[in-house]
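Student: Sending over run.txt (compact mmCIF, C-alpha atoms).
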```txt
# COMPACT_ATOMS: atom_id res chain seq x y z
CA GLU D 11 -3.48 8.86 -11.79
CA THR D 12 -4.78 8.58 -8.25
CA GLY D 13 -4.74 12.24 -7.31
CA VAL D 14 -1.85 11.72 -4.90
CA THR D 15 1.33 13.36 -6.19
CA GLN D 16 4.79 12.76 -4.82
CA THR D 17 7.94 14.71 -5.57
CA PRO D 18 10.66 14.10 -6.41
CA ARG D 19 10.25 10.77 -8.18
CA HIS D 20 13.91 9.92 -7.67
CA LEU D 21 16.39 11.15 -5.09
CA VAL D 22 20.03 10.32 -4.47
CA MET D 23 21.51 11.71 -1.30
CA GLY D 24 24.62 11.37 0.76
CA MET D 25 24.53 10.27 4.35
CA THR D 26 25.22 13.79 5.59
CA ASN D 27 22.62 15.50 3.42
CA LYS D 28 19.25 16.89 4.42
CA LYS D 29 16.38 16.49 1.98
CA SER D 30 12.60 16.41 2.02
CA LEU D 31 9.99 14.34 0.26
CA LYS D 32 6.69 15.94 -0.60
CA CYS D 33 3.23 14.50 -0.98
CA GLU D 34 0.16 16.41 -2.12
CA GLN D 35 -3.48 15.46 -2.59
CA HIS D 36 -6.53 17.53 -3.41
CA LEU D 37 -9.04 14.75 -2.97
CA GLY D 38 -10.45 16.12 0.26
CA HIS D 39 -8.93 13.28 2.26
CA ASN D 40 -8.08 13.86 5.89
CA ALA D 41 -5.85 10.89 6.61
CA MET D 42 -2.36 10.70 5.09
CA TYR D 43 0.30 8.04 5.37
CA TRP D 44 3.97 7.41 4.75
CA TYR D 45 5.01 3.87 3.83
CA LYS D 46 8.42 2.40 3.10
CA GLN D 47 8.62 -0.25 0.38
CA SER D 48 11.74 -2.41 0.36
CA ALA D 49 12.34 -5.48 -1.75
CA LYS D 50 11.04 -8.76 -0.31
CA LYS D 51 9.40 -7.02 2.66
CA PRO D 52 5.83 -5.97 3.37
CA LEU D 53 5.06 -2.32 2.98
CA GLU D 54 6.08 -0.78 6.28
CA LEU D 55 3.77 1.82 7.72
CA MET D 56 5.84 4.71 9.02
CA PHE D 57 3.49 7.52 9.97
CA VAL D 58 -0.23 8.30 9.96
CA TYR D 59 -1.80 11.74 10.16
CA ASN D 60 -5.49 12.42 10.81
CA PHE D 61 -6.59 16.01 10.36
CA LYS D 62 -2.95 17.13 10.47
CA GLU D 63 -2.35 15.35 13.78
CA GLN D 64 0.11 12.51 13.91
CA THR D 65 -1.64 9.42 15.23
CA GLU D 66 0.87 6.69 14.46
CA ASN D 67 4.64 6.47 14.56
CA ASN D 68 5.70 2.90 14.03
CA SER D 69 9.05 3.08 15.81
CA VAL D 70 10.58 5.04 12.99
CA PRO D 71 14.11 6.37 13.62
CA SER D 72 14.35 10.07 14.33
CA ARG D 73 16.36 10.64 11.15
CA PHE D 74 12.91 10.56 9.50
CA SER D 75 10.79 13.53 10.51
CA PRO D 76 7.27 13.95 9.13
CA GLU D 77 5.38 17.19 8.81
CA CYS D 78 1.76 17.78 7.91
CA PRO D 79 1.04 21.50 7.63
CA ASN D 80 -2.48 20.94 6.32
CA SER D 81 -4.69 18.08 5.23
CA SER D 82 -3.50 18.32 1.63
CA HIS D 83 0.24 18.21 2.16
CA LEU D 84 2.59 15.80 3.83
CA PHE D 85 6.37 15.98 4.04
CA LEU D 86 9.06 13.58 5.10
CA HIS D 87 12.25 15.33 6.17
CA LEU D 88 15.38 13.24 5.90
CA HIS D 89 18.73 13.77 7.57
CA THR D 90 21.81 11.65 8.23
CA LEU D 91 20.28 8.63 6.55
CA GLN D 92 21.95 5.25 6.20
CA PRO D 93 22.35 3.16 3.04
CA GLU D 94 19.76 0.69 4.39
CA ASP D 95 17.21 3.50 4.22
CA SER D 96 17.32 3.25 0.43
CA ALA D 97 13.82 2.25 -0.65
CA LEU D 98 10.66 3.41 -2.35
CA TYR D 99 8.76 5.81 -0.10
CA LEU D 100 5.05 5.85 -0.71
CA CYS D 101 2.49 8.38 0.34
CA ALA D 102 -1.18 7.47 0.63
CA SER D 103 -4.38 9.19 1.62
CA ARG D 104 -7.97 8.31 2.36
CA PRO D 105 -11.06 9.95 3.80
CA LEU D 106 -11.17 9.54 7.54
CA VAL D 107 -13.00 6.44 8.65
CA LYS D 108 -16.61 6.78 9.69
CA PRO D 109 -18.68 3.78 10.73
CA GLY D 110 -20.06 2.19 7.61
CA ARG D 111 -18.04 4.45 5.35
CA ASP D 112 -14.74 2.64 5.04
CA THR D 113 -12.68 3.22 1.93
CA GLU D 114 -9.44 2.12 0.41
CA ALA D 115 -6.21 4.06 0.51
CA PHE D 116 -5.02 5.95 -2.57
CA PHE D 117 -1.31 5.84 -3.28
CA GLY D 118 1.13 8.12 -4.99
CA GLN D 119 3.81 6.84 -7.37
CA GLY D 120 6.47 7.03 -4.73
CA THR D 121 9.93 8.52 -4.38
CA ARG D 122 12.81 6.17 -5.13
CA LEU D 123 15.43 7.10 -2.57
CA THR D 124 19.05 6.01 -2.80
CA VAL D 125 21.41 6.81 0.05
CA VAL D 126 25.08 6.73 -0.89
CA ALA J 4 -1.72 -6.26 15.69
CA GLN J 5 -2.71 -7.32 12.25
CA SER J 6 -0.47 -9.14 9.79
CA VAL J 7 -0.80 -10.45 6.26
CA SER J 8 0.88 -13.47 4.68
CA GLN J 9 1.29 -13.99 0.98
CA HIS J 10 2.80 -17.38 0.44
CA ASN J 11 3.56 -17.13 -3.26
CA HIS J 12 6.52 -14.82 -3.72
CA HIS J 13 7.04 -15.29 -7.40
CA VAL J 14 4.62 -16.88 -9.87
CA ILE J 15 5.31 -17.53 -13.55
CA LEU J 16 2.43 -18.46 -15.82
CA SER J 17 1.78 -18.76 -19.51
CA GLU J 18 -0.93 -16.65 -21.08
CA ALA J 19 -4.43 -18.11 -20.66
CA ALA J 20 -3.44 -20.03 -17.55
CA SER J 21 -5.54 -19.62 -14.43
CA LEU J 22 -4.23 -17.68 -11.48
CA GLU J 23 -4.75 -18.00 -7.76
CA LEU J 24 -2.69 -16.01 -5.28
CA GLY J 25 -2.97 -16.82 -1.62
CA CYS J 26 -3.53 -14.28 1.16
CA ASN J 27 -4.05 -15.01 4.83
CA TYR J 28 -4.40 -12.46 7.56
CA SER J 29 -4.12 -12.47 11.27
CA TYR J 30 -6.61 -10.37 13.23
CA GLY J 31 -9.35 -11.28 15.66
CA GLY J 32 -11.81 -8.56 14.75
CA THR J 33 -13.80 -7.54 11.72
CA VAL J 34 -11.68 -6.54 8.78
CA ASN J 35 -11.71 -4.88 5.42
CA LEU J 36 -9.63 -6.64 2.77
CA PHE J 37 -7.94 -5.36 -0.34
CA TRP J 38 -5.87 -6.44 -3.28
CA TYR J 39 -3.61 -3.87 -4.88
CA VAL J 40 -1.56 -4.21 -8.05
CA GLN J 41 1.65 -2.40 -8.90
CA TYR J 42 2.67 -2.43 -12.55
CA PRO J 43 6.34 -1.71 -13.25
CA GLY J 44 7.09 1.93 -12.56
CA GLN J 45 3.55 2.73 -11.54
CA HIS J 46 1.69 3.42 -8.33
CA LEU J 47 -0.25 0.93 -6.30
CA GLN J 48 -3.73 0.58 -7.76
CA LEU J 49 -6.76 -0.98 -6.16
CA LEU J 50 -7.86 -4.22 -7.85
CA LEU J 51 -10.74 -5.01 -5.55
CA LYS J 52 -11.95 -4.66 -2.00
CA TYR J 53 -14.17 -6.42 0.48
CA PHE J 54 -16.01 -4.55 3.20
CA SER J 55 -19.09 -6.66 3.84
CA GLY J 56 -21.80 -8.66 2.09
CA ASP J 57 -21.13 -11.20 -0.65
CA PRO J 58 -17.77 -12.80 0.14
CA LEU J 59 -17.02 -13.21 -3.55
CA VAL J 60 -15.97 -9.83 -4.86
CA LYS J 61 -15.22 -8.87 -8.42
CA GLY J 62 -12.67 -6.27 -9.35
CA ILE J 63 -11.20 -4.69 -12.40
CA LYS J 64 -9.60 -6.54 -15.31
CA GLY J 65 -11.41 -9.81 -14.63
CA PHE J 66 -9.98 -10.38 -11.16
CA GLU J 67 -12.02 -11.72 -8.28
CA ALA J 68 -11.34 -12.68 -4.69
CA GLU J 69 -13.14 -14.76 -2.13
CA PHE J 70 -13.25 -13.98 1.56
CA ILE J 71 -13.36 -17.15 3.66
CA LYS J 72 -13.75 -15.99 7.22
CA SER J 73 -13.13 -19.40 8.78
CA LYS J 74 -9.78 -19.61 7.03
CA PHE J 75 -8.83 -15.94 7.45
CA SER J 76 -8.17 -15.94 3.74
CA PHE J 77 -8.78 -13.62 0.80
CA ASN J 78 -7.34 -15.35 -2.25
CA LEU J 79 -7.13 -13.59 -5.59
CA ARG J 80 -8.16 -15.37 -8.77
CA LYS J 81 -8.33 -14.84 -12.48
CA PRO J 82 -9.45 -17.57 -14.87
CA SER J 83 -7.21 -16.58 -17.76
CA VAL J 84 -4.19 -14.30 -17.35
CA GLN J 85 -2.74 -12.01 -19.98
CA TRP J 86 0.78 -10.75 -20.56
CA SER J 87 -0.39 -7.35 -19.34
CA ASP J 88 -1.12 -8.84 -15.90
CA THR J 89 2.61 -9.03 -15.22
CA ALA J 90 2.96 -7.01 -12.03
CA GLU J 91 3.37 -7.14 -8.26
CA TYR J 92 0.24 -7.99 -6.29
CA PHE J 93 -0.30 -6.97 -2.68
CA CYS J 94 -2.91 -8.11 -0.22
CA ALA J 95 -3.86 -5.68 2.56
CA VAL J 96 -6.10 -5.59 5.60
CA ASN J 97 -7.41 -2.97 7.98
CA ALA J 98 -9.75 -3.05 10.92
CA ARG J 99 -13.38 -2.29 10.04
CA ASN J 100 -14.74 1.10 11.11
CA THR J 101 -11.90 1.92 13.47
CA GLY J 102 -8.66 1.21 11.72
CA ASN J 103 -6.67 3.80 9.88
CA GLN J 104 -3.70 1.49 9.53
CA PHE J 105 -3.38 -0.70 6.46
CA TYR J 106 -1.24 -3.81 6.81
CA PHE J 107 0.27 -5.29 3.67
CA GLY J 108 1.77 -8.61 2.71
CA THR J 109 5.19 -8.98 1.11
CA GLY J 110 3.68 -9.07 -2.34
CA THR J 111 3.63 -11.64 -5.12
CA SER J 112 5.49 -11.00 -8.33
CA LEU J 113 3.55 -12.38 -11.29
CA THR J 114 5.25 -12.90 -14.63
CA VAL J 115 3.04 -13.91 -17.55
CA ILE J 116 4.85 -15.40 -20.50
CA PRO J 117 3.30 -14.71 -23.92
```
Would you put the structure from the file into structure tokens?
Tutor:
Amino acid sequence: ETGVTQTPRHLVMGMTNKKSLKCEQHLGHNAMYWYKQSAKKPLELMFVYNFKEQTENNSVPSRFSPECPNSSHLFLHLHTLQPEDSALYLCASRPLVKPGRDTEAFFGQGTRLTVV
Amino acid sequence: AQSVSQHNHHVILSEAASLELGCNYSYGGTVNLFWYVQYPGQHLQLLLKYFSGDPLVKGIKGFEAEFIKSKFSFNLRKPSVQWSDTAEYFCAVNARNTGNQFYFGTGTSLTVIP
């Protein structure tokens, strides 16, 4: 248990559906991440939030819409997805970087998404 | 941009065999380096990390890794693997002090045969 909780663990959705993935941490971390994990590919960084502000968007299609209402919660809103979007979506968090105080990222268990 | 290469995609070993998984990164600046493990159905867990100091770092479960700056490498080793080490192993890098992005390799699937 890392302290990063993702719900749901599994999600099957049609291409016309709208759904949301949720990530929650109460570790006091101020940076939160969404990653996409597909077979045979490196983990793809999707979004980064620092203190609720989005700092990175790695050319992610607009059918993925992140939301970070506070430092403890992160959402990924999904709409009109494609079958190739099926993957494991991972949330991670870490304390914000200070010089000399680097840390690792802590990951949730992920949401297995299947788009049909 | 940073990138990470893991050249071994799938490794099969018998119990008690020695393990070495390769990791090379591409980045001109100072980096932090990590190895994560993902057991079937579980979350990514940190095995070990290198920030600075002794380039030979020891992690959990008998794993160690050596940072060789001249080779841009951070290979993972274990002298004697167990069946319970069957998992996916990921190398990751991020820029020291400034980087909030973590870059991961494609992962190496390790199967240990009893």
Student: Can you work out which residues from chain J touch chain D at a cut-off of 7 Å (counting only C-alpha atoms) and hand them back as a ChimeraX atom specification?
Tutor: /J:45-47,100-101,103,107-110
Student: What's the separation between atom CA of J:Thr114 and atom CA of D:Leu98, in Å to one decimal place?
Tutor: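 Calculated distance between atom CA of J:Thr114 and atom CA of D:Leu98 is 21.1 Å.
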Student: Hey, can you check how far atom CA of J:Phe37 sits from atom CA of J:Pro82?
Tutor: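 Between atom CA of J:Phe37 and atom CA of J:Pro82 the gap is 19.0 Å.
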Student: Extract, using all atoms listed in the file, all DNA, RNA and protein residues at most 12 Å from D:Ser75, discarding same-chain residues fewer than 6 positions from it, and format them as a list in words.
Tutor: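 Once the nearby chain positions are removed, what remains is Lys28, Lys29, Ser30, Leu31, Trp44, Met56, Phe57, Gln64, Asn67, Ser69, Leu84, Phe85, Leu86, His87, Leu88, His89, Thr90 and Leu91 of chain D.
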Student: Please produce a file of the residues just selected, as a PDB file, in the frame of the given file, where the atoms kept are C-alpha atoms.
Tutor:
```pdb
ATOM      1  CA  LYS D  28      19.250  16.890   4.420  1.00  0.00           C
ATOM      2  CA  LYS D  29      16.380  16.490   1.980  1.00  0.00           C
ATOM      3  CA  SER D  30      12.600  16.410   2.020  1.00  0.00           C
ATOM      4  CA  LEU D  31       9.990  14.340   0.260  1.00  0.00           C
ATOM      5  CA  TRP D  44       3.970   7.410   4.750  1.00  0.00           C
ATOM      6  CA  MET D  56       5.840   4.710   9.020  1.00  0.00           C
ATOM      7  CA  PHE D  57       3.490   7.520   9.970  1.00  0.00           C
ATOM      8  CA  GLN D  64       0.110  12.510  13.910  1.00  0.00           C
ATOM      9  CA  ASN D  67       4.640   6.470  14.560  1.00  0.00           C
ATOM     10  CA  SER D  69       9.050   3.080  15.810  1.00  0.00           C
ATOM     11  CA  LEU D  84       2.590  15.800   3.830  1.00  0.00           C
ATOM     12  CA  PHE D  85       6.370  15.980   4.040  1.00  0.00           C
ATOM     13  CA  LEU D  86       9.060  13.580   5.100  1.00  0.00           C
ATOM     14  CA  HIS D  87      12.250  15.330   6.170  1.00  0.00           C
ATOM     15  CA  LEU D  88      15.380  13.240   5.900  1.00  0.00           C
ATOM     16  CA  HIS D  89      18.730  13.770   7.570  1.00  0.00           C
ATOM     17  CA  THR D  90      21.810  11.650   8.230  1.00  0.00           C
ATOM     18  CA  LEU D  91      20.280   8.630   6.550  1.00  0.00           C
TER      19      LEU D  91
END
```
Student: Go through J:Val34, J:Val60, J:Val84, J:Val14 and flag the residue nearest J:Thr111, using all atoms listed in the file for the distances.
Tutor: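 Looking at the shortest contact to J:Thr111, the residue is J:Val14.
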Student: Which residue out of J:Pro117, J:Gly32, J:Gly56, J:Gly44 has the minimum interatomic distance to J:Trp86 when all atoms listed in the file are used?
Tutor: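 The closest residue to J:Trp86 is J:Pro117.
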Student: Between atom CA of D:Ser81 and atom CA of J:Asn97, what distance in Å does the model show, to one decimal?
Tutor: 21.4 Å
Student: Just checking: using only C-alpha atoms, which residue out of J:Lys74, J:Arg99, J:Lys64, J:Arg80 ends up closest to J:Ser21?
Tutor: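 For J:Ser21, the nearest of the candidates is J:Arg80.
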Student: So which residues touch D:Met25 within 7 Å, counting only C-alpha atoms, skipping near sequence neighbours fewer than 2 positions away, as a PyMOL selection string?
Tutor: chain D and resi 23+27+90-92+125-126
Student: If we count all atoms listed in the file, what is near J:Ile71 at a cut-off of 12 Å, once residues fewer than 2 positions away on the same chain are taken out, given as a ChimeraX atom specification?
Tutor: /J:25-28,34,36,53,55,57-60,68-69,73-79
Student: Of the residues J:Asn35, J:Leu24, J:Gln9, J:Phe66, which is the one nearest to J:Leu113, using only C-alpha atoms?
Tutor: J:Leu24
